[in-house]
$ cat upload_13.cif   # mmCIF, N, CA and C atoms
data_entry
#
loop_
_atom_site.label_atom_id
_atom_site.label_comp_id
_atom_site.auth_asym_id
_atom_site.auth_seq_id
_atom_site.Cartn_x
_atom_site.Cartn_y
_atom_site.Cartn_z
N MET A 1 0.85 -1.17 0.00
CA MET A 1 0.00 0.00 0.00
C MET A 1 0.89 1.24 0.00
N LYS A 2 0.51 2.21 -0.81
CA LYS A 2 1.30 3.44 -0.93
C LYS A 2 0.77 4.52 0.01
N ASN A 3 1.64 5.47 0.33
CA ASN A 3 1.26 6.59 1.19
C ASN A 3 0.56 7.67 0.38
N VAL A 4 -0.51 8.21 0.94
CA VAL A 4 -1.25 9.30 0.29
C VAL A 4 -1.25 10.51 1.21
N MET A 5 -0.99 11.66 0.62
CA MET A 5 -1.10 12.93 1.34
C MET A 5 -2.08 13.82 0.59
N LEU A 6 -2.89 14.51 1.36
CA LEU A 6 -3.82 15.48 0.80
C LEU A 6 -3.55 16.81 1.48
N PHE A 7 -3.20 17.81 0.68
CA PHE A 7 -3.03 19.17 1.19
C PHE A 7 -4.33 19.91 0.94
N LYS A 8 -4.80 20.59 1.98
CA LYS A 8 -6.10 21.27 1.90
C LYS A 8 -6.09 22.53 2.73
N GLN A 9 -7.17 23.30 2.58
CA GLN A 9 -7.46 24.43 3.45
C GLN A 9 -8.91 24.28 3.91
N ALA A 10 -9.16 24.62 5.15
CA ALA A 10 -10.51 24.46 5.72
C ALA A 10 -11.55 25.27 4.96
N SER A 11 -11.18 26.43 4.43
CA SER A 11 -12.14 27.30 3.75
C SER A 11 -12.32 26.98 2.27
N CYS A 12 -11.60 26.01 1.75
CA CYS A 12 -11.62 25.69 0.32
C CYS A 12 -12.82 24.82 -0.03
N PRO A 13 -13.72 25.30 -0.89
CA PRO A 13 -14.89 24.48 -1.26
C PRO A 13 -14.50 23.23 -2.05
N TYR A 14 -13.44 23.29 -2.85
CA TYR A 14 -12.99 22.12 -3.61
C TYR A 14 -12.42 21.05 -2.69
N CYS A 15 -11.80 21.50 -1.61
CA CYS A 15 -11.26 20.56 -0.62
C CYS A 15 -12.40 19.82 0.08
N LYS A 16 -13.46 20.54 0.39
CA LYS A 16 -14.61 19.93 1.05
C LYS A 16 -15.22 18.85 0.15
N VAL A 17 -15.28 19.11 -1.13
CA VAL A 17 -15.81 18.13 -2.07
C VAL A 17 -14.87 16.91 -2.13
N ALA A 18 -13.58 17.16 -2.20
CA ALA A 18 -12.60 16.06 -2.24
C ALA A 18 -12.71 15.19 -0.98
N LEU A 19 -12.86 15.82 0.18
CA LEU A 19 -13.01 15.08 1.43
C LEU A 19 -14.30 14.27 1.44
N LYS A 20 -15.35 14.82 0.87
CA LYS A 20 -16.63 14.09 0.78
C LYS A 20 -16.45 12.84 -0.09
N TYR A 21 -15.77 12.99 -1.23
CA TYR A 21 -15.52 11.85 -2.10
C TYR A 21 -14.68 10.80 -1.39
N LEU A 22 -13.65 11.24 -0.66
CA LEU A 22 -12.81 10.30 0.09
C LEU A 22 -13.64 9.52 1.10
N ASP A 23 -14.49 10.23 1.82
CA ASP A 23 -15.32 9.59 2.83
C ASP A 23 -16.22 8.53 2.19
N GLU A 24 -16.84 8.87 1.07
CA GLU A 24 -17.72 7.93 0.37
C GLU A 24 -16.94 6.72 -0.15
N LEU A 25 -15.82 6.99 -0.80
CA LEU A 25 -15.06 5.92 -1.45
C LEU A 25 -14.37 5.00 -0.45
N GLN A 26 -13.99 5.52 0.69
CA GLN A 26 -13.29 4.67 1.66
C GLN A 26 -14.25 3.73 2.39
N LYS A 27 -15.52 3.82 2.13
CA LYS A 27 -16.47 2.83 2.64
C LYS A 27 -16.38 1.53 1.83
N ASP A 28 -15.84 1.63 0.63
CA ASP A 28 -15.62 0.46 -0.22
C ASP A 28 -14.45 -0.35 0.35
N PRO A 29 -14.62 -1.64 0.54
CA PRO A 29 -13.54 -2.46 1.11
C PRO A 29 -12.21 -2.37 0.35
N LYS A 30 -12.27 -2.07 -0.94
CA LYS A 30 -11.03 -1.95 -1.73
C LYS A 30 -10.16 -0.80 -1.23
N TYR A 31 -10.78 0.23 -0.71
CA TYR A 31 -10.06 1.45 -0.34
C TYR A 31 -10.08 1.74 1.16
N HIS A 32 -10.76 0.88 1.90
CA HIS A 32 -10.94 1.12 3.33
C HIS A 32 -9.62 1.25 4.10
N ASN A 33 -8.61 0.51 3.70
CA ASN A 33 -7.34 0.51 4.43
C ASN A 33 -6.31 1.51 3.90
N VAL A 34 -6.67 2.29 2.89
CA VAL A 34 -5.75 3.29 2.38
C VAL A 34 -5.64 4.41 3.41
N LYS A 35 -4.42 4.62 3.90
CA LYS A 35 -4.19 5.67 4.90
C LYS A 35 -3.91 6.99 4.17
N ILE A 36 -4.61 8.02 4.59
CA ILE A 36 -4.44 9.34 3.97
C ILE A 36 -4.03 10.33 5.05
N ASP A 37 -2.88 10.94 4.81
CA ASP A 37 -2.38 11.97 5.71
C ASP A 37 -2.94 13.31 5.20
N ILE A 38 -3.85 13.90 5.95
CA ILE A 38 -4.49 15.15 5.53
C ILE A 38 -3.79 16.30 6.23
N ILE A 39 -3.22 17.19 5.42
CA ILE A 39 -2.45 18.32 5.94
C ILE A 39 -3.17 19.62 5.59
N ASP A 40 -3.54 20.37 6.61
CA ASP A 40 -4.10 21.70 6.40
C ASP A 40 -2.92 22.66 6.27
N GLU A 41 -2.75 23.23 5.10
CA GLU A 41 -1.55 24.03 4.86
C GLU A 41 -1.49 25.29 5.72
N ILE A 42 -2.62 25.75 6.24
CA ILE A 42 -2.63 26.91 7.13
C ILE A 42 -2.12 26.51 8.52
N GLN A 43 -2.53 25.34 8.98
CA GLN A 43 -2.12 24.87 10.30
C GLN A 43 -0.73 24.25 10.32
N GLU A 44 -0.28 23.75 9.17
CA GLU A 44 1.03 23.12 9.08
C GLU A 44 1.86 23.72 7.93
N PRO A 45 2.15 25.02 7.99
CA PRO A 45 2.82 25.67 6.87
C PRO A 45 4.23 25.13 6.58
N ARG A 46 4.94 24.70 7.60
CA ARG A 46 6.29 24.17 7.37
C ARG A 46 6.26 22.88 6.56
N LYS A 47 5.32 22.02 6.89
CA LYS A 47 5.20 20.76 6.14
C LYS A 47 4.75 21.06 4.71
N ALA A 48 3.78 21.95 4.55
CA ALA A 48 3.27 22.29 3.22
C ALA A 48 4.36 22.92 2.35
N ALA A 49 5.24 23.70 2.96
CA ALA A 49 6.31 24.38 2.20
C ALA A 49 7.32 23.40 1.62
N GLN A 50 7.32 22.19 2.09
CA GLN A 50 8.26 21.18 1.60
C GLN A 50 7.82 20.58 0.26
N TYR A 51 6.61 20.90 -0.18
CA TYR A 51 6.05 20.30 -1.39
C TYR A 51 5.75 21.38 -2.42
N ASP A 52 5.85 20.99 -3.69
CA ASP A 52 5.68 21.91 -4.80
C ASP A 52 4.26 21.84 -5.35
N TYR A 53 3.41 22.74 -4.91
CA TYR A 53 2.06 22.83 -5.44
C TYR A 53 1.57 24.26 -5.24
N TYR A 54 0.52 24.62 -5.94
CA TYR A 54 -0.03 25.96 -5.84
C TYR A 54 -1.49 25.94 -5.38
N TYR A 55 -2.27 25.00 -5.94
CA TYR A 55 -3.69 24.92 -5.65
C TYR A 55 -3.99 23.78 -4.68
N VAL A 56 -5.07 23.94 -3.93
CA VAL A 56 -5.59 22.85 -3.12
C VAL A 56 -6.97 22.50 -3.64
N PRO A 57 -7.40 21.28 -3.49
CA PRO A 57 -6.71 20.16 -2.89
C PRO A 57 -5.60 19.63 -3.80
N THR A 58 -4.53 19.17 -3.17
CA THR A 58 -3.44 18.52 -3.90
C THR A 58 -3.18 17.17 -3.26
N PHE A 59 -3.12 16.15 -4.12
CA PHE A 59 -2.84 14.79 -3.66
C PHE A 59 -1.45 14.37 -4.10
N TYR A 60 -0.75 13.70 -3.19
CA TYR A 60 0.52 13.05 -3.48
C TYR A 60 0.38 11.57 -3.14
N VAL A 61 0.92 10.72 -3.99
CA VAL A 61 1.01 9.29 -3.71
C VAL A 61 2.48 8.95 -3.71
N ASP A 62 2.97 8.47 -2.56
CA ASP A 62 4.40 8.19 -2.38
C ASP A 62 5.27 9.37 -2.83
N ASP A 63 4.93 10.55 -2.38
CA ASP A 63 5.65 11.79 -2.64
C ASP A 63 5.68 12.22 -4.11
N VAL A 64 4.78 11.68 -4.92
CA VAL A 64 4.64 12.10 -6.32
C VAL A 64 3.28 12.79 -6.45
N LYS A 65 3.31 14.03 -6.92
CA LYS A 65 2.05 14.77 -7.08
C LYS A 65 1.22 14.11 -8.18
N VAL A 66 -0.02 13.75 -7.84
CA VAL A 66 -0.88 13.08 -8.81
C VAL A 66 -2.12 13.92 -9.16
N SER A 67 -2.38 14.95 -8.38
CA SER A 67 -3.54 15.80 -8.67
C SER A 67 -3.39 17.12 -7.92
N GLU A 68 -3.76 18.20 -8.61
CA GLU A 68 -3.71 19.53 -8.01
C GLU A 68 -4.93 20.31 -8.47
N GLY A 69 -5.69 20.83 -7.52
CA GLY A 69 -6.89 21.59 -7.83
C GLY A 69 -8.13 20.71 -7.74
N ALA A 70 -9.24 21.24 -8.22
CA ALA A 70 -10.53 20.55 -8.12
C ALA A 70 -10.46 19.15 -8.71
N VAL A 71 -11.16 18.21 -8.06
CA VAL A 71 -11.15 16.81 -8.50
C VAL A 71 -12.57 16.29 -8.67
N SER A 72 -12.69 15.31 -9.54
CA SER A 72 -13.95 14.59 -9.70
C SER A 72 -13.91 13.36 -8.80
N LYS A 73 -15.04 12.75 -8.60
CA LYS A 73 -15.09 11.52 -7.80
C LYS A 73 -14.25 10.43 -8.48
N GLU A 74 -14.28 10.40 -9.80
CA GLU A 74 -13.50 9.41 -10.55
C GLU A 74 -12.00 9.62 -10.34
N LYS A 75 -11.57 10.86 -10.27
CA LYS A 75 -10.15 11.14 -10.04
C LYS A 75 -9.73 10.69 -8.65
N VAL A 76 -10.56 10.97 -7.66
CA VAL A 76 -10.24 10.55 -6.29
C VAL A 76 -10.20 9.02 -6.22
N GLU A 77 -11.12 8.37 -6.92
CA GLU A 77 -11.11 6.90 -6.94
C GLU A 77 -9.84 6.37 -7.60
N ALA A 78 -9.40 7.01 -8.67
CA ALA A 78 -8.16 6.60 -9.34
C ALA A 78 -6.96 6.77 -8.40
N ILE A 79 -6.95 7.82 -7.61
CA ILE A 79 -5.87 8.05 -6.65
C ILE A 79 -5.87 6.94 -5.59
N LEU A 80 -7.04 6.61 -5.08
CA LEU A 80 -7.14 5.54 -4.09
C LEU A 80 -6.75 4.19 -4.69
N ALA A 81 -7.14 3.95 -5.93
CA ALA A 81 -6.78 2.70 -6.59
C ALA A 81 -5.27 2.58 -6.76
N GLU A 82 -4.63 3.68 -7.12
CA GLU A 82 -3.16 3.69 -7.26
C GLU A 82 -2.51 3.41 -5.91
N ALA A 83 -3.04 4.00 -4.87
CA ALA A 83 -2.46 3.81 -3.53
C ALA A 83 -2.68 2.40 -3.01
N ALA A 84 -3.76 1.78 -3.41
CA ALA A 84 -4.10 0.44 -2.92
C ALA A 84 -3.30 -0.67 -3.59
N LYS A 85 -2.57 -0.35 -4.64
CA LYS A 85 -1.78 -1.37 -5.36
C LYS A 85 -0.71 -1.97 -4.47
#
$ encode --input "upload_13.cif" --output "structure tokens"
Amino acid sequence: MKNVMLFKQASCPYCKVALKYLDELQKDPKYHNVKIDIIDEIQEPRKAAQYDYYYVPTFYVDDVKVSEGAVSKEKVEAILAEAAK
């Protein structure tokens, strides 16, 4: 299983949608055990500064950026599928 990180901001509407998709998709047994480290870039600026991105939500799988900005449910599922390999 690969490591997933999600960079977000509490006030970001796209982040809220991404979190909703994660919550829905992780009910599926295929993705239930995927661990996601959720980093609020406002609360953890030092950690966020270590990564190269501009927009949130941004997903990394094993320290490789796989998505930046608004996501569809299908994109979030693809990220979880990649992590579950």
$ atom_distance --input "upload_13.cif" --atom1 "CA of Val76 (chain A)" --atom2 "atom N of Cys12 (chain A)"
17.5 Å
$ residues_near_point --input "upload_13.cif" --point "(0.6, 9.0, 5.9)" --cutoff "6.5 Å" --atoms "all atoms listed in the file" --output "PDB file with N, CA and C atoms, in the coordinates of the input"
ATOM      1  N   ASN A   3       1.640   5.470   0.330  1.00  0.00           N
ATOM      2  CA  ASN A   3       1.260   6.590   1.190  1.00  0.00           C
ATOM      3  C   ASN A   3       0.560   7.670   0.380  1.00  0.00           C
ATOM      4  N   VAL A   4      -0.510   8.210   0.940  1.00  0.00           N
ATOM      5  CA  VAL A   4      -1.250   9.300   0.290  1.00  0.00           C
ATOM      6  C   VAL A   4      -1.250  10.510   1.210  1.00  0.00           C
ATOM      7  N   MET A   5      -0.990  11.660   0.620  1.00  0.00           N
ATOM      8  CA  MET A   5      -1.100  12.930   1.340  1.00  0.00           C
ATOM      9  C   MET A   5      -2.080  13.820   0.590  1.00  0.00           C
ATOM     10  N   LYS A  35      -4.420   4.620   3.900  1.00  0.00           N
ATOM     11  CA  LYS A  35      -4.190   5.670   4.900  1.00  0.00           C
ATOM     12  C   LYS A  35      -3.910   6.990   4.170  1.00  0.00           C
ATOM     13  N   ILE A  36      -4.610   8.020   4.590  1.00  0.00           N
ATOM     14  CA  ILE A  36      -4.440   9.340   3.970  1.00  0.00           C
ATOM     15  C   ILE A  36      -4.030  10.330   5.050  1.00  0.00           C
ATOM     16  N   ASP A  37      -2.880  10.940   4.810  1.00  0.00           N
ATOM     17  CA  ASP A  37      -2.380  11.970   5.710  1.00  0.00           C
ATOM     18  C   ASP A  37      -2.940  13.310   5.200  1.00  0.00           C
TER      19      ASP A  37
END
$ closest_residue --input "upload_13.cif" --among "A:Lys65, A:Lys85, A:Asp40, A:Glu77" --to "Asp52 (chain A)" --atoms "all atoms listed in the file"
A:Lys65
$ closest_residue --input "upload_13.cif" --among "A:Val17, A:Val56, A:Ala49, A:Val61" --to "Ala83 (chain A)" --atoms "all atoms listed in the file"
A:Val61
$ resolve_selection --input "upload_13.cif" --expression "the PyMOL selection byres ((chain A and resi 10) around 8)" --output "PDB file with N, CA and C atoms, in the frame of the given file"
ATOM      1  N   PHE A   7      -3.200  17.810   0.680  1.00  0.00           N
ATOM      2  CA  PHE A   7      -3.030  19.170   1.190  1.00  0.00           C
ATOM      3  C   PHE A   7      -4.330  19.910   0.940  1.00  0.00           C
ATOM      4  N   LYS A   8      -4.800  20.590   1.980  1.00  0.00           N
ATOM      5  CA  LYS A   8      -6.100  21.270   1.900  1.00  0.00           C
ATOM      6  C   LYS A   8      -6.090  22.530   2.730  1.00  0.00           C
ATOM      7  N   GLN A   9      -7.170  23.300   2.580  1.00  0.00           N
ATOM      8  CA  GLN A   9      -7.460  24.430   3.450  1.00  0.00           C
ATOM      9  C   GLN A   9      -8.910  24.280   3.910  1.00  0.00           C
ATOM     10  N   SER A  11     -11.180  26.430   4.430  1.00  0.00           N
ATOM     11  CA  SER A  11     -12.140  27.300   3.750  1.00  0.00           C
ATOM     12  C   SER A  11     -12.320  26.980   2.270  1.00  0.00           C
ATOM     13  N   CYS A  12     -11.600  26.010   1.750  1.00  0.00           N
ATOM     14  CA  CYS A  12     -11.620  25.690   0.320  1.00  0.00           C
ATOM     15  C   CYS A  12     -12.820  24.820  -0.030  1.00  0.00           C
ATOM     16  N   PRO A  13     -13.720  25.300  -0.890  1.00  0.00           N
ATOM     17  CA  PRO A  13     -14.890  24.480  -1.260  1.00  0.00           C
ATOM     18  C   PRO A  13     -14.500  23.230  -2.050  1.00  0.00           C
ATOM     19  N   CYS A  15     -11.800  21.500  -1.610  1.00  0.00           N
ATOM     20  CA  CYS A  15     -11.260  20.560  -0.620  1.00  0.00           C
ATOM     21  C   CYS A  15     -12.400  19.820   0.080  1.00  0.00           C
ATOM     22  N   LYS A  16     -13.460  20.540   0.390  1.00  0.00           N
ATOM     23  CA  LYS A  16     -14.610  19.930   1.050  1.00  0.00           C
ATOM     24  C   LYS A  16     -15.220  18.850   0.150  1.00  0.00           C
ATOM     25  N   ILE A  39      -3.220  17.190   5.420  1.00  0.00           N
ATOM     26  CA  ILE A  39      -2.450  18.320   5.940  1.00  0.00           C
ATOM     27  C   ILE A  39      -3.170  19.620   5.590  1.00  0.00           C
ATOM     28  N   ASP A  40      -3.540  20.370   6.610  1.00  0.00           N
ATOM     29  CA  ASP A  40      -4.100  21.700   6.400  1.00  0.00           C
ATOM     30  C   ASP A  40      -2.920  22.660   6.270  1.00  0.00           C
ATOM     31  N   GLU A  41      -2.750  23.230   5.100  1.00  0.00           N
ATOM     32  CA  GLU A  41      -1.550  24.030   4.860  1.00  0.00           C
ATOM     33  C   GLU A  41      -1.490  25.290   5.720  1.00  0.00           C
ATOM     34  N   ILE A  42      -2.620  25.750   6.240  1.00  0.00           N
ATOM     35  CA  ILE A  42      -2.630  26.910   7.130  1.00  0.00           C
ATOM     36  C   ILE A  42      -2.120  26.510   8.520  1.00  0.00           C
ATOM     37  N   GLN A  43      -2.530  25.340   8.980  1.00  0.00           N
ATOM     38  CA  GLN A  43      -2.120  24.870  10.300  1.00  0.00           C
ATOM     39  C   GLN A  43      -0.730  24.250  10.320  1.00  0.00           C
TER      40      GLN A  43
END
$ closest_residue --input "upload_13.cif" --among "A:Thr58, A:Gln26, A:Ala78, A:Val64" --to "Ile38 (chain A)" --atoms "only C-alpha atoms"
A:Thr58
$ closest_residue --input "upload_13.cif" --among "A:Pro57, A:Glu74, A:Val34, A:Glu82" --to "Ala18 (chain A)" --atoms "only C-alpha atoms"
A:Pro57
$ closest_residue --input "upload_13.cif" --among "A:Leu80, A:Lys75, A:Arg46, A:Phe59" --to "Leu6 (chain A)" --atoms "all atoms listed in the file"
A:Phe59
$ atom_distance --input "upload_13.cif" --atom1 "atom N of Ala70 (chain A)" --atom2 "CA of Tyr14 (chain A)"
6.0 Å
$ select_by_dssp --input "upload_13.cif" --residues "region 7-75 of chain A" --states "alpha helix (DSSP H)" --output "PyMOL selection string"
chain A and resi 13-25+45-48+73-75
$ atom_distance --input "upload_13.cif" --atom1 "atom C of Lys73 (chain A)" --atom2 "atom C of Lys20 (chain A)"
9.0 Å
$ axis_aligned_box --input "upload_13.cif" --around "region 31-37 of chain A" --padding-each-side "5 Å" --output "lines of an AutoDock Vina configuration file"
center_x = -6.7
center_y = 6.8
center_z = 2.5
size_x = 18.6
size_y = 23.1
size_z = 16.4
$ residues_around --input "upload_13.cif" --residues "Lys30 (chain A)" --least-positions-apart "2" --cutoff "8 Å" --atoms "only C-alpha atoms" --output "compact mmCIF listing (two decimals) with N, CA and C atoms, in the frame of the given file"
# COMPACT_ATOMS: atom_id res chain seq x y z
N GLN A 26 -13.99 5.52 0.69
CA GLN A 26 -13.29 4.67 1.66
C GLN A 26 -14.25 3.73 2.39
N ASP A 28 -15.84 1.63 0.63
CA ASP A 28 -15.62 0.46 -0.22
C ASP A 28 -14.45 -0.35 0.35
N HIS A 32 -10.76 0.88 1.90
CA HIS A 32 -10.94 1.12 3.33
C HIS A 32 -9.62 1.25 4.10
N ASN A 33 -8.61 0.51 3.70
CA ASN A 33 -7.34 0.51 4.43
C ASN A 33 -6.31 1.51 3.90
N ALA A 81 -7.14 3.95 -5.93
CA ALA A 81 -6.78 2.70 -6.59
C ALA A 81 -5.27 2.58 -6.76
N ALA A 84 -3.76 1.78 -3.41
CA ALA A 84 -4.10 0.44 -2.92
C ALA A 84 -3.30 -0.67 -3.59
$ closest_residue --input "upload_13.cif" --among "A:Val71, A:Glu24, A:Tyr31, A:Tyr51" --to "Lys2 (chain A)" --atoms "only C-alpha atoms"
A:Tyr31
$ build_atoms --input "upload_13.cif" --residues "region 60-71 of chain A" --atoms "all heavy atoms" --output "PDB file, keeping the file's coordinate frame"
ATOM      1  N   TYR A  60      -0.750  13.700  -3.190  1.00  0.00           N
ATOM      2  CA  TYR A  60       0.520  13.050  -3.480  1.00  0.00           C
ATOM      3  C   TYR A  60       0.380  11.570  -3.140  1.00  0.00           C
ATOM      4  O   TYR A  60      -0.229  11.224  -2.125  1.00  0.00           O
ATOM      5  CB  TYR A  60       1.651  13.622  -2.609  1.00  0.00           C
ATOM      6  CG  TYR A  60       2.197  14.943  -3.080  1.00  0.00           C
ATOM      7  CD1 TYR A  60       1.550  16.135  -2.778  1.00  0.00           C
ATOM      8  CD2 TYR A  60       3.369  15.005  -3.817  1.00  0.00           C
ATOM      9  CE1 TYR A  60       2.048  17.355  -3.197  1.00  0.00           C
ATOM     10  CE2 TYR A  60       3.883  16.223  -4.244  1.00  0.00           C
ATOM     11  CZ  TYR A  60       3.217  17.386  -3.931  1.00  0.00           C
ATOM     12  OH  TYR A  60       3.726  18.588  -4.358  1.00  0.00           O
ATOM     13  N   VAL A  61       0.920  10.720  -3.990  1.00  0.00           N
ATOM     14  CA  VAL A  61       1.010   9.290  -3.710  1.00  0.00           C
ATOM     15  C   VAL A  61       2.480   8.950  -3.710  1.00  0.00           C
ATOM     16  O   VAL A  61       3.178   9.129  -4.717  1.00  0.00           O
ATOM     17  CB  VAL A  61       0.246   8.450  -4.763  1.00  0.00           C
ATOM     18  CG1 VAL A  61       0.452   6.960  -4.506  1.00  0.00           C
ATOM     19  CG2 VAL A  61      -1.237   8.794  -4.751  1.00  0.00           C
ATOM     20  N   ASP A  62       2.970   8.470  -2.560  1.00  0.00           N
ATOM     21  CA  ASP A  62       4.400   8.190  -2.380  1.00  0.00           C
ATOM     22  C   ASP A  62       5.270   9.370  -2.830  1.00  0.00           C
ATOM     23  O   ASP A  62       6.210   9.205  -3.607  1.00  0.00           O
ATOM     24  CB  ASP A  62       4.811   6.905  -3.095  1.00  0.00           C
ATOM     25  CG  ASP A  62       4.521   5.663  -2.266  1.00  0.00           C
ATOM     26  OD1 ASP A  62       4.172   5.810  -1.068  1.00  0.00           O
ATOM     27  OD2 ASP A  62       4.647   4.557  -2.794  1.00  0.00           O
ATOM     28  N   ASP A  63       4.930  10.550  -2.380  1.00  0.00           N
ATOM     29  CA  ASP A  63       5.650  11.790  -2.640  1.00  0.00           C
ATOM     30  C   ASP A  63       5.680  12.220  -4.110  1.00  0.00           C
ATOM     31  O   ASP A  63       6.488  13.056  -4.504  1.00  0.00           O
ATOM     32  CB  ASP A  63       7.086  11.718  -2.092  1.00  0.00           C
ATOM     33  CG  ASP A  63       7.115  11.826  -0.574  1.00  0.00           C
ATOM     34  OD1 ASP A  63       6.218  12.483  -0.003  1.00  0.00           O
ATOM     35  OD2 ASP A  63       8.036  11.275   0.037  1.00  0.00           O
ATOM     36  N   VAL A  64       4.780  11.680  -4.920  1.00  0.00           N
ATOM     37  CA  VAL A  64       4.640  12.100  -6.320  1.00  0.00           C
ATOM     38  C   VAL A  64       3.280  12.790  -6.450  1.00  0.00           C
ATOM     39  O   VAL A  64       2.249  12.202  -6.119  1.00  0.00           O
ATOM     40  CB  VAL A  64       4.723  10.896  -7.285  1.00  0.00           C
ATOM     41  CG1 VAL A  64       4.442  11.331  -8.714  1.00  0.00           C
ATOM     42  CG2 VAL A  64       6.064  10.206  -7.170  1.00  0.00           C
ATOM     43  N   LYS A  65       3.310  14.030  -6.920  1.00  0.00           N
ATOM     44  CA  LYS A  65       2.050  14.770  -7.080  1.00  0.00           C
ATOM     45  C   LYS A  65       1.220  14.110  -8.180  1.00  0.00           C
ATOM     46  O   LYS A  65       1.695  13.941  -9.299  1.00  0.00           O
ATOM     47  CB  LYS A  65       2.324  16.233  -7.424  1.00  0.00           C
ATOM     48  CG  LYS A  65       1.069  17.065  -7.523  1.00  0.00           C
ATOM     49  CD  LYS A  65       1.278  18.562  -7.629  1.00  0.00           C
ATOM     50  CE  LYS A  65       2.435  18.965  -8.464  1.00  0.00           C
ATOM     51  NZ  LYS A  65       2.531  20.423  -8.648  1.00  0.00           N
ATOM     52  N   VAL A  66      -0.020  13.750  -7.840  1.00  0.00           N
ATOM     53  CA  VAL A  66      -0.880  13.080  -8.810  1.00  0.00           C
ATOM     54  C   VAL A  66      -2.120  13.920  -9.160  1.00  0.00           C
ATOM     55  O   VAL A  66      -2.808  13.608 -10.130  1.00  0.00           O
ATOM     56  CB  VAL A  66      -1.308  11.676  -8.334  1.00  0.00           C
ATOM     57  CG1 VAL A  66      -0.107  10.747  -8.263  1.00  0.00           C
ATOM     58  CG2 VAL A  66      -2.020  11.733  -7.002  1.00  0.00           C
ATOM     59  N   SER A  67      -2.380  14.950  -8.380  1.00  0.00           N
ATOM     60  CA  SER A  67      -3.540  15.800  -8.670  1.00  0.00           C
ATOM     61  C   SER A  67      -3.390  17.120  -7.920  1.00  0.00           C
ATOM     62  O   SER A  67      -2.979  17.148  -6.767  1.00  0.00           O
ATOM     63  CB  SER A  67      -4.834  15.115  -8.231  1.00  0.00           C
ATOM     64  OG  SER A  67      -5.945  15.947  -8.469  1.00  0.00           O
ATOM     65  N   GLU A  68      -3.760  18.200  -8.610  1.00  0.00           N
ATOM     66  CA  GLU A  68      -3.710  19.530  -8.010  1.00  0.00           C
ATOM     67  C   GLU A  68      -4.930  20.310  -8.470  1.00  0.00           C
ATOM     68  O   GLU A  68      -5.196  20.419  -9.661  1.00  0.00           O
ATOM     69  CB  GLU A  68      -2.429  20.260  -8.417  1.00  0.00           C
ATOM     70  CG  GLU A  68      -2.282  21.619  -7.788  1.00  0.00           C
ATOM     71  CD  GLU A  68      -0.914  22.248  -8.059  1.00  0.00           C
ATOM     72  OE1 GLU A  68      -0.073  21.637  -8.722  1.00  0.00           O
ATOM     73  OE2 GLU A  68      -0.717  23.379  -7.599  1.00  0.00           O
ATOM     74  N   GLY A  69      -5.690  20.830  -7.520  1.00  0.00           N
ATOM     75  CA  GLY A  69      -6.890  21.590  -7.830  1.00  0.00           C
ATOM     76  C   GLY A  69      -8.130  20.710  -7.740  1.00  0.00           C
ATOM     77  O   GLY A  69      -8.080  19.593  -7.238  1.00  0.00           O
ATOM     78  N   ALA A  70      -9.240  21.240  -8.220  1.00  0.00           N
ATOM     79  CA  ALA A  70     -10.530  20.550  -8.120  1.00  0.00           C
ATOM     80  C   ALA A  70     -10.460  19.150  -8.710  1.00  0.00           C
ATOM     81  O   ALA A  70      -9.766  18.919  -9.700  1.00  0.00           O
ATOM     82  CB  ALA A  70     -11.604  21.365  -8.839  1.00  0.00           C
ATOM     83  N   VAL A  71     -11.160  18.210  -8.060  1.00  0.00           N
ATOM     84  CA  VAL A  71     -11.150  16.810  -8.500  1.00  0.00           C
ATOM     85  C   VAL A  71     -12.570  16.290  -8.670  1.00  0.00           C
ATOM     86  O   VAL A  71     -13.490  16.749  -8.013  1.00  0.00           O
ATOM     87  CB  VAL A  71     -10.404  15.900  -7.495  1.00  0.00           C
ATOM     88  CG1 VAL A  71      -8.927  16.157  -7.493  1.00  0.00           C
ATOM     89  CG2 VAL A  71     -10.978  16.011  -6.101  1.00  0.00           C
TER      90      VAL A  71
END
